[in-house]
$ cat run_31.pdb   # PDB, C-alpha atoms
MODEL        1
ATOM      1  CA  MET A1241       0.000   0.000   0.000
ATOM      2  CA  GLN A1242       1.206   3.508  -0.838
ATOM      3  CA  THR A1243       2.347   5.501   2.220
ATOM      4  CA  ASP A1244       1.578   9.057   1.120
ATOM      5  CA  LEU A1245      -0.265  10.576   4.089
ATOM      6  CA  SER A1246       0.885  12.486   7.150
ATOM      7  CA  ALA A1247      -0.815  12.350  10.533
ATOM      8  CA  ALA A1248      -0.964  15.809  12.087
ATOM      9  CA  LEU A1249      -1.592  17.022  15.630
ATOM     10  CA  ASP A1250      -2.302  20.652  16.557
ATOM     11  CA  ILE A1251      -2.073  21.155  20.319
ATOM     12  CA  GLY A1252      -3.274  24.342  21.960
ATOM     13  CA  GLY A1253      -4.647  25.474  25.276
ATOM     14  CA  THR A1254      -8.259  25.050  24.159
ATOM     15  CA  LYS A1255      -8.283  22.144  21.721
ATOM     16  CA  ILE A1256      -6.218  19.139  20.648
ATOM     17  CA  ALA A1257      -6.922  18.524  16.963
ATOM     18  CA  GLY A1258      -5.718  15.782  14.673
ATOM     19  CA  ALA A1259      -6.028  14.907  11.004
ATOM     20  CA  LEU A1260      -4.781  12.678   8.235
ATOM     21  CA  VAL A1261      -3.440  14.960   5.526
ATOM     22  CA  ASP A1262      -2.788  14.050   1.892
ATOM     23  CA  PRO A1263       0.070  15.364  -0.323
ATOM     24  CA  ARG A1264      -2.155  18.207  -1.576
ATOM     25  CA  GLY A1265      -2.851  19.483   1.925
ATOM     26  CA  ARG A1266      -6.389  18.119   2.130
ATOM     27  CA  LEU A1267      -7.623  16.912   5.520
ATOM     28  CA  LEU A1268      -9.133  13.473   4.917
ATOM     29  CA  VAL A1269      -9.968  12.485   8.495
ATOM     30  CA  ARG A1270     -10.375  14.715  11.540
ATOM     31  CA  ALA A1271     -10.456  14.143  15.284
ATOM     32  CA  ALA A1272     -10.502  16.557  18.228
ATOM     33  CA  ARG A1273     -10.795  16.737  21.999
ATOM     34  CA  PRO A1274     -10.973  19.682  24.396
ATOM     35  CA  THR A1275      -7.641  20.358  26.087
ATOM     36  CA  PRO A1276      -7.936  19.659  29.831
ATOM     37  CA  ALA A1277      -5.485  22.514  30.405
ATOM     38  CA  ASP A1278      -6.301  22.833  34.110
ATOM     39  CA  ARG A1279      -5.439  19.178  34.789
ATOM     40  CA  ASP A1280      -2.158  17.348  35.310
ATOM     41  CA  GLY A1281       0.154  16.428  32.459
ATOM     42  CA  ALA A1282      -0.889  12.778  32.286
ATOM     43  CA  THR A1283      -4.537  13.793  31.822
ATOM     44  CA  VAL A1284      -3.609  16.095  28.940
ATOM     45  CA  MET A1285      -1.594  13.286  27.350
ATOM     46  CA  ARG A1286      -4.602  10.970  27.603
ATOM     47  CA  ALA A1287      -6.578  13.468  25.523
ATOM     48  CA  VAL A1288      -3.780  13.439  22.925
ATOM     49  CA  ALA A1289      -3.864   9.640  22.939
ATOM     50  CA  GLU A1290      -7.627   9.638  22.322
ATOM     51  CA  VAL A1291      -7.122  11.804  19.228
ATOM     52  CA  VAL A1292      -4.303   9.608  17.924
ATOM     53  CA  ARG A1293      -6.291   6.416  18.484
ATOM     54  CA  GLU A1294      -9.286   7.859  16.662
ATOM     55  CA  LEU A1295      -7.068   8.675  13.683
ATOM     56  CA  ALA A1296      -5.407   5.256  13.854
ATOM     57  CA  ALA A1297      -8.813   3.599  13.610
ATOM     58  CA  ALA A1298      -9.462   5.209  10.221
ATOM     59  CA  PRO A1299      -9.155   2.943   7.141
ATOM     60  CA  ASP A1300      -6.502   5.277   5.677
ATOM     61  CA  TRP A1301      -4.134   5.005   8.663
ATOM     62  CA  PRO A1302      -1.901   2.347   6.991
ATOM     63  CA  ARG A1303      -1.052   5.005   4.373
ATOM     64  CA  VAL A1304       0.553   7.261   7.019
ATOM     65  CA  ALA A1305       4.294   7.751   6.505
ATOM     66  CA  ALA A1306       5.056  10.310   9.237
ATOM     67  CA  VAL A1307       3.546  12.189  12.157
ATOM     68  CA  GLY A1308       3.821  15.948  12.665
ATOM     69  CA  ILE A1309       3.040  17.838  15.863
ATOM     70  CA  GLY A1310       2.505  21.585  16.063
ATOM     71  CA  SER A1311       2.321  22.649  19.706
ATOM     72  CA  ALA A1312       1.927  25.802  21.683
ATOM     73  CA  GLY A1313       5.307  26.604  23.111
ATOM     74  CA  PRO A1314       7.967  26.904  24.116
ATOM     75  CA  VAL A1315       8.959  23.628  22.504
ATOM     76  CA  ASP A1316      12.298  21.848  22.454
ATOM     77  CA  ALA A1317      12.365  19.862  19.240
ATOM     78  CA  ALA A1318      15.794  18.410  19.978
ATOM     79  CA  ALA A1319      14.649  16.970  23.303
ATOM     80  CA  GLY A1320      11.110  16.239  22.105
ATOM     81  CA  THR A1321       9.591  18.196  24.985
ATOM     82  CA  VAL A1322       7.037  20.975  25.327
ATOM     83  CA  SER A1323       6.279  23.578  27.992
ATOM     84  CA  PRO A1324       3.200  25.449  26.743
ATOM     85  CA  VAL A1325       2.488  28.582  28.748
ATOM     86  CA  ASN A1326      -1.243  27.846  28.592
ATOM     87  CA  ILE A1327      -0.948  24.166  29.686
ATOM     88  CA  PRO A1328       0.627  24.404  33.170
ATOM     89  CA  GLY A1329       0.696  20.623  33.635
ATOM     90  CA  TRP A1330       3.181  20.273  30.800
ATOM     91  CA  ARG A1331       6.639  21.501  31.749
ATOM     92  CA  ASP A1332       9.453  19.830  29.813
ATOM     93  CA  PHE A1333       6.824  17.221  29.008
ATOM     94  CA  PRO A1334       8.125  14.380  26.787
ATOM     95  CA  LEU A1335       5.426  14.739  24.137
ATOM     96  CA  VAL A1336       7.349  13.149  21.270
ATOM     97  CA  ALA A1337       8.079  10.041  23.334
ATOM     98  CA  GLY A1338       4.423   9.852  24.313
ATOM     99  CA  VAL A1339       3.260  10.049  20.711
ATOM    100  CA  ARG A1340       5.910   7.571  19.527
ATOM    101  CA  ALA A1341       4.555   5.058  22.022
ATOM    102  CA  LEU A1342       1.208   5.357  20.234
ATOM    103  CA  VAL A1343       2.359   5.281  16.590
ATOM    104  CA  GLY A1344       5.098   2.665  16.594
ATOM    105  CA  ASP A1345       7.906   3.068  14.090
ATOM    106  CA  LEU A1346       6.558   6.172  12.331
ATOM    107  CA  PRO A1347       8.899   9.190  12.469
ATOM    108  CA  VAL A1348       7.559  12.024  14.657
ATOM    109  CA  THR A1349       8.401  15.706  14.039
ATOM    110  CA  LEU A1350       7.741  18.417  16.646
ATOM    111  CA  VAL A1351       7.560  22.140  15.840
ATOM    112  CA  GLY A1352       6.140  25.189  17.571
ATOM    113  CA  ASP A1353       2.737  26.429  16.480
ATOM    114  CA  GLY A1354       4.232  29.499  14.783
ATOM    115  CA  VAL A1355       6.540  27.274  12.736
ATOM    116  CA  ALA A1356       3.582  25.038  11.859
ATOM    117  CA  MET A1357       1.628  28.034  10.595
ATOM    118  CA  THR A1358       4.673  29.043   8.554
ATOM    119  CA  ALA A1359       4.921  25.602   6.990
ATOM    120  CA  ALA A1360       1.228  25.781   6.070
ATOM    121  CA  GLU A1361       1.491  29.219   4.500
ATOM    122  CA  HIS A1362       4.578  28.240   2.518
ATOM    123  CA  TRP A1363       2.919  25.060   1.247
ATOM    124  CA  GLN A1364      -0.630  26.243   0.620
ATOM    125  CA  GLY A1365      -0.948  29.921   1.526
ATOM    126  CA  ALA A1366       0.308  33.447   0.996
ATOM    127  CA  ALA A1367       4.015  32.514   1.192
ATOM    128  CA  ARG A1368       3.728  29.889  -1.539
ATOM    129  CA  GLY A1369       6.361  30.517  -4.212
ATOM    130  CA  HIS A1370       8.527  32.613  -1.866
ATOM    131  CA  ASP A1371      11.902  31.148  -0.927
ATOM    132  CA  ASN A1372      12.446  33.529   1.994
ATOM    133  CA  ALA A1373       9.508  34.431   4.221
ATOM    134  CA  LEU A1374       8.460  35.301   7.741
ATOM    135  CA  CYS A1375       5.019  34.118   8.810
ATOM    136  CA  MET A1376       3.423  35.377  12.004
ATOM    137  CA  VAL A1377       0.513  34.524  14.266
ATOM    138  CA  VAL A1378      -0.772  37.679  15.991
ATOM    139  CA  SER A1379      -3.388  36.692  18.530
ATOM    140  CA  THR A1380      -3.295  36.249  22.321
ATOM    141  CA  GLY A1381       0.460  36.146  21.795
ATOM    142  CA  VAL A1382       2.728  36.814  18.839
ATOM    143  CA  GLY A1383       4.624  33.900  17.301
ATOM    144  CA  GLY A1384       6.237  33.183  13.995
ATOM    145  CA  GLY A1385       8.473  31.095  11.831
ATOM    146  CA  LEU A1386      10.879  31.363   8.924
ATOM    147  CA  VAL A1387      11.323  29.928   5.456
ATOM    148  CA  LEU A1388      14.899  30.387   4.224
ATOM    149  CA  ASN A1389      16.259  29.272   0.855
ATOM    150  CA  GLY A1390      12.984  27.552   0.085
ATOM    151  CA  ARG A1391      12.915  25.401   3.211
ATOM    152  CA  LEU A1392      11.262  25.650   6.596
ATOM    153  CA  HIS A1393      13.843  26.828   9.136
ATOM    154  CA  PRO A1394      12.682  25.786  12.622
ATOM    155  CA  GLY A1395      16.150  26.015  14.162
ATOM    156  CA  PRO A1396      17.716  23.521  16.587
ATOM    157  CA  SER A1397      14.990  23.812  19.217
ATOM    158  CA  GLY A1398      12.055  24.383  16.843
ATOM    159  CA  ASN A1399      11.530  28.026  17.857
ATOM    160  CA  ALA A1400      13.375  30.005  15.143
ATOM    161  CA  GLY A1401      11.414  33.022  13.955
ATOM    162  CA  HIS A1402       9.743  33.690  17.309
ATOM    163  CA  ILE A1403       9.417  37.373  16.488
ATOM    164  CA  GLY A1404       7.056  38.103  19.362
ATOM    165  CA  HIS A1405       9.995  38.377  21.721
ATOM    166  CA  ILE A1406      12.180  40.705  19.725
ATOM    167  CA  SER A1407      12.486  43.915  21.741
ATOM    168  CA  VAL A1408      11.358  46.951  19.748
ATOM    169  CA  ASP A1409      11.082  49.390  22.693
ATOM    170  CA  LEU A1410      14.255  49.208  24.752
ATOM    171  CA  ASP A1411      12.756  50.955  27.781
ATOM    172  CA  GLY A1412       9.244  49.603  27.261
ATOM    173  CA  ASP A1413       6.925  47.699  29.532
ATOM    174  CA  PRO A1414       8.192  44.483  31.099
ATOM    175  CA  CYS A1415       7.144  41.401  29.159
ATOM    176  CA  PRO A1416       6.211  38.111  30.842
ATOM    177  CA  CYS A1417       9.204  36.547  29.067
ATOM    178  CA  GLY A1418      11.503  38.695  31.234
ATOM    179  CA  ALA A1419      12.582  41.248  28.622
ATOM    180  CA  ARG A1420      11.189  44.718  27.923
ATOM    181  CA  GLY A1421       9.292  46.225  25.028
ATOM    182  CA  CYS A1422       8.742  42.985  23.107
ATOM    183  CA  VAL A1423       6.635  42.956  19.959
ATOM    184  CA  GLU A1424       4.122  40.759  21.786
ATOM    185  CA  ARG A1425       3.844  43.215  24.682
ATOM    186  CA  ILE A1426       2.691  45.871  22.202
ATOM    187  CA  ALA A1427       0.988  44.064  19.307
ATOM    188  CA  SER A1428      -0.879  41.094  20.791
ATOM    189  CA  GLY A1429      -4.659  41.256  21.057
ATOM    190  CA  PRO A1430      -4.819  41.658  24.853
ATOM    191  CA  ASN A1431      -2.217  44.423  24.749
ATOM    192  CA  ILE A1432      -4.035  46.286  21.968
ATOM    193  CA  ALA A1433      -7.136  46.225  24.169
ATOM    194  CA  ARG A1434      -5.180  47.113  27.325
ATOM    195  CA  ARG A1435      -3.621  50.149  25.680
ATOM    196  CA  ALA A1436      -6.929  51.339  24.231
ATOM    197  CA  LEU A1437      -8.613  51.146  27.642
ATOM    198  CA  ALA A1438      -5.694  52.927  29.320
ATOM    199  CA  ASN A1439      -5.969  55.767  26.782
ATOM    200  CA  GLY A1440      -9.672  56.321  27.305
ATOM    201  CA  TRP A1441     -11.491  53.952  24.951
ATOM    202  CA  ARG A1442     -14.673  52.524  26.427
ATOM    203  CA  PRO A1443     -16.576  49.438  25.251
ATOM    204  CA  GLY A1444     -20.140  49.474  24.023
ATOM    205  CA  PRO A1445     -23.229  48.388  25.966
ATOM    206  CA  ASP A1446     -22.210  44.728  25.716
ATOM    207  CA  GLY A1447     -19.076  45.434  27.748
ATOM    208  CA  ASP A1448     -16.810  43.660  25.248
ATOM    209  CA  THR A1449     -13.210  44.772  25.878
ATOM    210  CA  SER A1450     -11.509  42.389  23.436
ATOM    211  CA  ALA A1451      -9.182  43.381  20.625
ATOM    212  CA  ALA A1452     -11.997  42.501  18.227
ATOM    213  CA  ALA A1453     -14.183  45.116  19.913
ATOM    214  CA  VAL A1454     -11.352  47.658  19.645
ATOM    215  CA  ALA A1455     -11.041  46.764  15.950
ATOM    216  CA  ALA A1456     -14.769  47.348  15.437
ATOM    217  CA  ALA A1457     -14.442  50.747  17.113
ATOM    218  CA  ALA A1458     -11.439  51.549  14.926
ATOM    219  CA  HIS A1459     -13.431  50.675  11.797
ATOM    220  CA  ALA A1460     -16.073  53.115  13.044
ATOM    221  CA  GLY A1461     -13.429  55.837  13.298
ATOM    222  CA  ASP A1462     -12.749  55.910  17.048
ATOM    223  CA  PRO A1463      -9.408  57.767  17.317
ATOM    224  CA  VAL A1464      -8.202  55.964  20.449
ATOM    225  CA  ALA A1465      -8.943  52.538  18.951
ATOM    226  CA  LEU A1466      -7.207  53.552  15.735
ATOM    227  CA  GLY A1467      -4.227  54.768  17.725
ATOM    228  CA  SER A1468      -3.886  51.473  19.558
ATOM    229  CA  PHE A1469      -3.818  49.543  16.287
ATOM    230  CA  GLU A1470      -1.340  52.024  14.805
ATOM    231  CA  ARG A1471       0.997  51.437  17.748
ATOM    232  CA  ALA A1472       0.660  47.671  17.291
ATOM    233  CA  ALA A1473       1.381  48.041  13.587
ATOM    234  CA  GLN A1474       4.490  50.103  14.341
ATOM    235  CA  ALA A1475       5.822  47.391  16.661
ATOM    236  CA  LEU A1476       5.118  44.685  14.088
ATOM    237  CA  ALA A1477       6.803  46.736  11.372
ATOM    238  CA  ALA A1478       9.928  47.263  13.478
ATOM    239  CA  GLY A1479      10.189  43.535  14.210
ATOM    240  CA  ILE A1480       9.534  42.546  10.603
ATOM    241  CA  ALA A1481      12.075  45.043   9.262
ATOM    242  CA  ALA A1482      14.715  43.830  11.726
ATOM    243  CA  THR A1483      14.089  40.238  10.650
ATOM    244  CA  ALA A1484      14.221  41.160   6.973
ATOM    245  CA  THR A1485      17.494  42.993   7.449
ATOM    246  CA  LEU A1486      19.007  40.013   9.237
ATOM    247  CA  VAL A1487      17.974  37.174   6.908
ATOM    248  CA  GLU A1488      16.633  38.881   3.730
ATOM    249  CA  ILE A1489      13.021  37.769   3.635
ATOM    250  CA  ASP A1490      10.849  39.247   0.873
ATOM    251  CA  ILE A1491       7.364  38.663   2.346
ATOM    252  CA  ALA A1492       5.815  38.777   5.800
ATOM    253  CA  VAL A1493       2.543  36.888   6.208
ATOM    254  CA  ILE A1494       0.289  37.840   9.121
ATOM    255  CA  GLY A1495      -2.356  35.502  10.527
ATOM    256  CA  GLY A1496      -4.183  35.045  13.803
ATOM    257  CA  GLY A1497      -7.157  36.804  15.318
ATOM    258  CA  VAL A1498      -5.656  40.298  15.275
ATOM    259  CA  ALA A1499      -5.083  40.019  11.514
ATOM    260  CA  GLY A1500      -8.861  39.753  11.240
ATOM    261  CA  ALA A1501      -8.971  43.505  11.843
ATOM    262  CA  GLY A1502      -8.065  43.899   8.170
ATOM    263  CA  GLU A1503      -6.972  47.307   6.934
ATOM    264  CA  VAL A1504      -7.233  48.776  10.434
ATOM    265  CA  LEU A1505      -4.019  46.815  11.022
ATOM    266  CA  PHE A1506      -2.564  46.343   7.539
ATOM    267  CA  ALA A1507      -2.763  49.966   6.333
ATOM    268  CA  PRO A1508      -0.643  51.412   9.181
ATOM    269  CA  LEU A1509       1.594  48.329   9.038
ATOM    270  CA  ARG A1510       2.469  48.947   5.390
ATOM    271  CA  SER A1511       3.025  52.623   6.154
ATOM    272  CA  ALA A1512       5.329  51.869   9.086
ATOM    273  CA  LEU A1513       7.276  49.314   7.052
ATOM    274  CA  ARG A1514       8.180  52.062   4.594
ATOM    275  CA  GLU A1515       9.801  53.899   7.521
ATOM    276  CA  TYR A1516      11.668  50.907   8.970
ATOM    277  CA  ALA A1517      12.545  48.747   5.954
ATOM    278  CA  THR A1518      14.643  51.342   4.145
ATOM    279  CA  LEU A1519      17.768  49.540   2.953
ATOM    280  CA  SER A1520      17.815  48.606  -0.717
ATOM    281  CA  PHE A1521      17.678  44.849  -0.124
ATOM    282  CA  VAL A1522      14.583  45.053   2.108
ATOM    283  CA  SER A1523      12.718  48.010   0.643
ATOM    284  CA  GLY A1524      10.693  45.710  -1.615
ATOM    285  CA  LEU A1525       9.379  43.703   1.341
ATOM    286  CA  THR A1526       5.666  43.004   1.090
ATOM    287  CA  VAL A1527       3.145  42.096   3.782
ATOM    288  CA  ALA A1528       0.069  39.946   3.233
ATOM    289  CA  PRO A1529      -2.710  38.314   5.264
ATOM    290  CA  ALA A1530      -2.511  34.577   5.872
ATOM    291  CA  ARG A1531      -4.717  32.290   3.778
ATOM    292  CA  THR A1532      -4.753  28.900   5.525
ATOM    293  CA  GLY A1533      -7.132  29.885   8.329
ATOM    294  CA  THR A1534      -8.015  27.696  11.277
ATOM    295  CA  ASP A1535      -6.521  24.563   9.702
ATOM    296  CA  ALA A1536      -3.050  26.108   9.507
ATOM    297  CA  GLY A1537      -1.756  24.184  12.521
ATOM    298  CA  LEU A1538      -2.761  20.809  11.097
ATOM    299  CA  VAL A1539      -1.671  21.550   7.535
ATOM    300  CA  GLY A1540       1.624  22.950   8.819
ATOM    301  CA  ALA A1541       2.346  20.040  11.144
ATOM    302  CA  ALA A1542       1.810  17.685   8.186
ATOM    303  CA  ALA A1543       4.066  19.824   5.994
ATOM    304  CA  ALA A1544       6.829  19.829   8.617
ATOM    305  CA  ALA A1545       6.632  16.042   8.930
ATOM    306  CA  ALA A1546       6.663  15.555   5.172
ATOM    307  CA  GLU A1547       9.656  17.880   4.752
ATOM    308  CA  ARG A1548      11.634  16.035   7.414
ATOM    309  CA  SER A1549      10.859  12.746   5.652
ATOM    310  CA  ARG A1550      12.067  14.156   2.329
ATOM    311  CA  VAL A1551      15.295  15.416   3.879
ATOM    312  CA  ALA A1552      15.891  12.047   5.580
ATOM    313  CA  ALA A1553      15.245  10.179   2.319
ATOM    314  CA  PHE A1554      17.640  12.470   0.451
ATOM    315  CA  ALA A1555      20.343  11.959   3.079
ATOM    316  CA  ALA A1556      19.876   8.182   2.941
ATOM    317  CA  GLY A1557      20.124   8.254  -0.846
ATOM    318  CA  ARG A1558      23.447  10.014  -0.661
TER     319      ARG A1558
ENDMDL
END
$ encode --input "run_31.pdb" --output "structure tokens"
Amino acid sequence: MQTDLSAALDIGGTKIAGALVDPRGRLLVRAARPTPADRDGATVMRAVAEVVRELAAAPDWPRVAAVGIGSAGPVDAAAGTVSPVNIPGWRDFPLVAGVRALVGDLPVTLVGDGVAMTAAEHWQGAARGHDNALCMVVSTGVGGGLVLNGRLHPGPSGNAGHIGHISVDLDGDPCPCGARGCVERIASGPNIARRALANGWRPGPDGDTSAAAVAAAAHAGDPVALGSFERAAQALAAGIAATATLVEIDIAVIGGGVAGAGEVLFAPLRSALREYATLSFVSGLTVAPARTGTDAGLVGAAAAAAERSRVAAFAAGR
């Protein structure tokens, strides 16, 4: 039987999703469980095992050649462990070993969720056809990943491209990571909302104080809401320009909930990029919204697993 599928897991603080993914990026079989994030690590792993067993019961499972895992981080791909901020029961948790015990001899690849999104966008989304790209998830946090010389570049630990913790305001607010003025501290959804409230924005009758509510107010012309998104866009632009200058990317792809604000975010972001990305080799940098949507984690985990298999096969052939 042809082994042309990848099994993919997308692990976050709310949901553990799984799928069998074909070489065209189509999800043939799906499974999901709520993440018991407030429970101990063994309980969370049991939920992962339930998803894997449901996938393994599908008729197409014998076609699976590799398993990919995209997980909230930090991750340590070299050690096969994860320590997601939003899953307290997992600290240096041996996730790869746990999944290997369920899937037998299949190779297992672990990447951070930002790297998984990057793999998805390079394979099926806005970064397709670009050999050098930065892809970002701007949501509750800010994560990202890199494609360099046409290949996913997760780095030794699986966290390369984690732009959210580049400092763009040297004397800025302390960030939970321990640094100051990080992109995430300025541009994430909760911080957009926090800044708007601090500067006088007030929610509507429903009391919604989310970044989505601030975006709606910005679309309606509220100057404080617009200002909060402009500040977020400036921080993103500074981080993107620094990355482009360092590794010569030619496109930055932005996904996640905050990207749903549309031109309220993208218009000031493009404007700020013109101020920060000024050197000749980065001045042509473009920015685009992500295209792979809510399936990015699964598609990207499958892409990362498939790429590792190709590299291993090439090395064996040599």
$ closest_residue --input "run_31.pdb" --among "A:Ile1327, A:Ala1297, A:Leu1509, A:Val1315" --to "Arg1279 in chain A" --atoms "all atoms listed in the file"
A:Ile1327
$ residues_around --input "run_31.pdb" --residues "Ala1298 in chain A" --least-positions-apart "5" --cutoff "12 Å" --atoms "all atoms listed in the file" --output "number ranges by chain"
A: 1247, 1259-1260, 1268-1271, 1291-1293, 1303-1304
$ atom_distance --input "run_31.pdb" --atom1 "CA of Ala1492 in chain A" --atom2 "CA of Ala1306 in chain A"
28.7 Å
$ residues_around --input "run_31.pdb" --residues "Pro1430 in chain A" --least-positions-apart "5" --cutoff "8 Å" --atoms "only C-alpha atoms" --output "ChimeraX atom specification"
/A:1380,1450-1451
$ resolve_selection --input "run_31.pdb" --expression "the PyMOL selection byres ((chain A and resi 1408) around 7)" --output "list in words"
Ile1406, Ser1407, Asp1409, Leu1410, Gly1421, Cys1422, Val1423, Ala1475, Ala1478 and Gly1479 of chain A
$ resolve_selection --input "run_31.pdb" --expression "the PyMOL selection byres ((chain A and resi 1514-1527) around 7)" --output "PyMOL selection string"
chain A and resi 1477-1478+1481+1484-1485+1488+1490-1493+1510-1513+1528
$ closest_residue --input "run_31.pdb" --among "A:Pro1334, A:Pro1274, A:Gln1242, A:Gly1384" --to "Gly1398 in chain A" --atoms "only C-alpha atoms"
A:Gly1384
$ atom_distance --input "run_31.pdb" --atom1 "CA of Ile1309 in chain A" --atom2 "CA of Ala1543 in chain A"
10.1 Å
$ resolve_selection --input "run_31.pdb" --expression "the PyMOL selection byres ((chain A and resi 1313) around 7)" --output "count of residues only"
9
$ closest_residue --input "run_31.pdb" --among "A:Gly1308, A:Gly1253, A:Gly1329, A:Gly1385" --to "Val1348 in chain A" --atoms "all atoms listed in the file"
A:Gly1308
$ closest_residue --input "run_31.pdb" --among "A:Thr1449, A:Thr1483, A:Gln1364, A:Asn1372" --to "His1402 in chain A" --atoms "all atoms listed in the file"
A:Thr1483
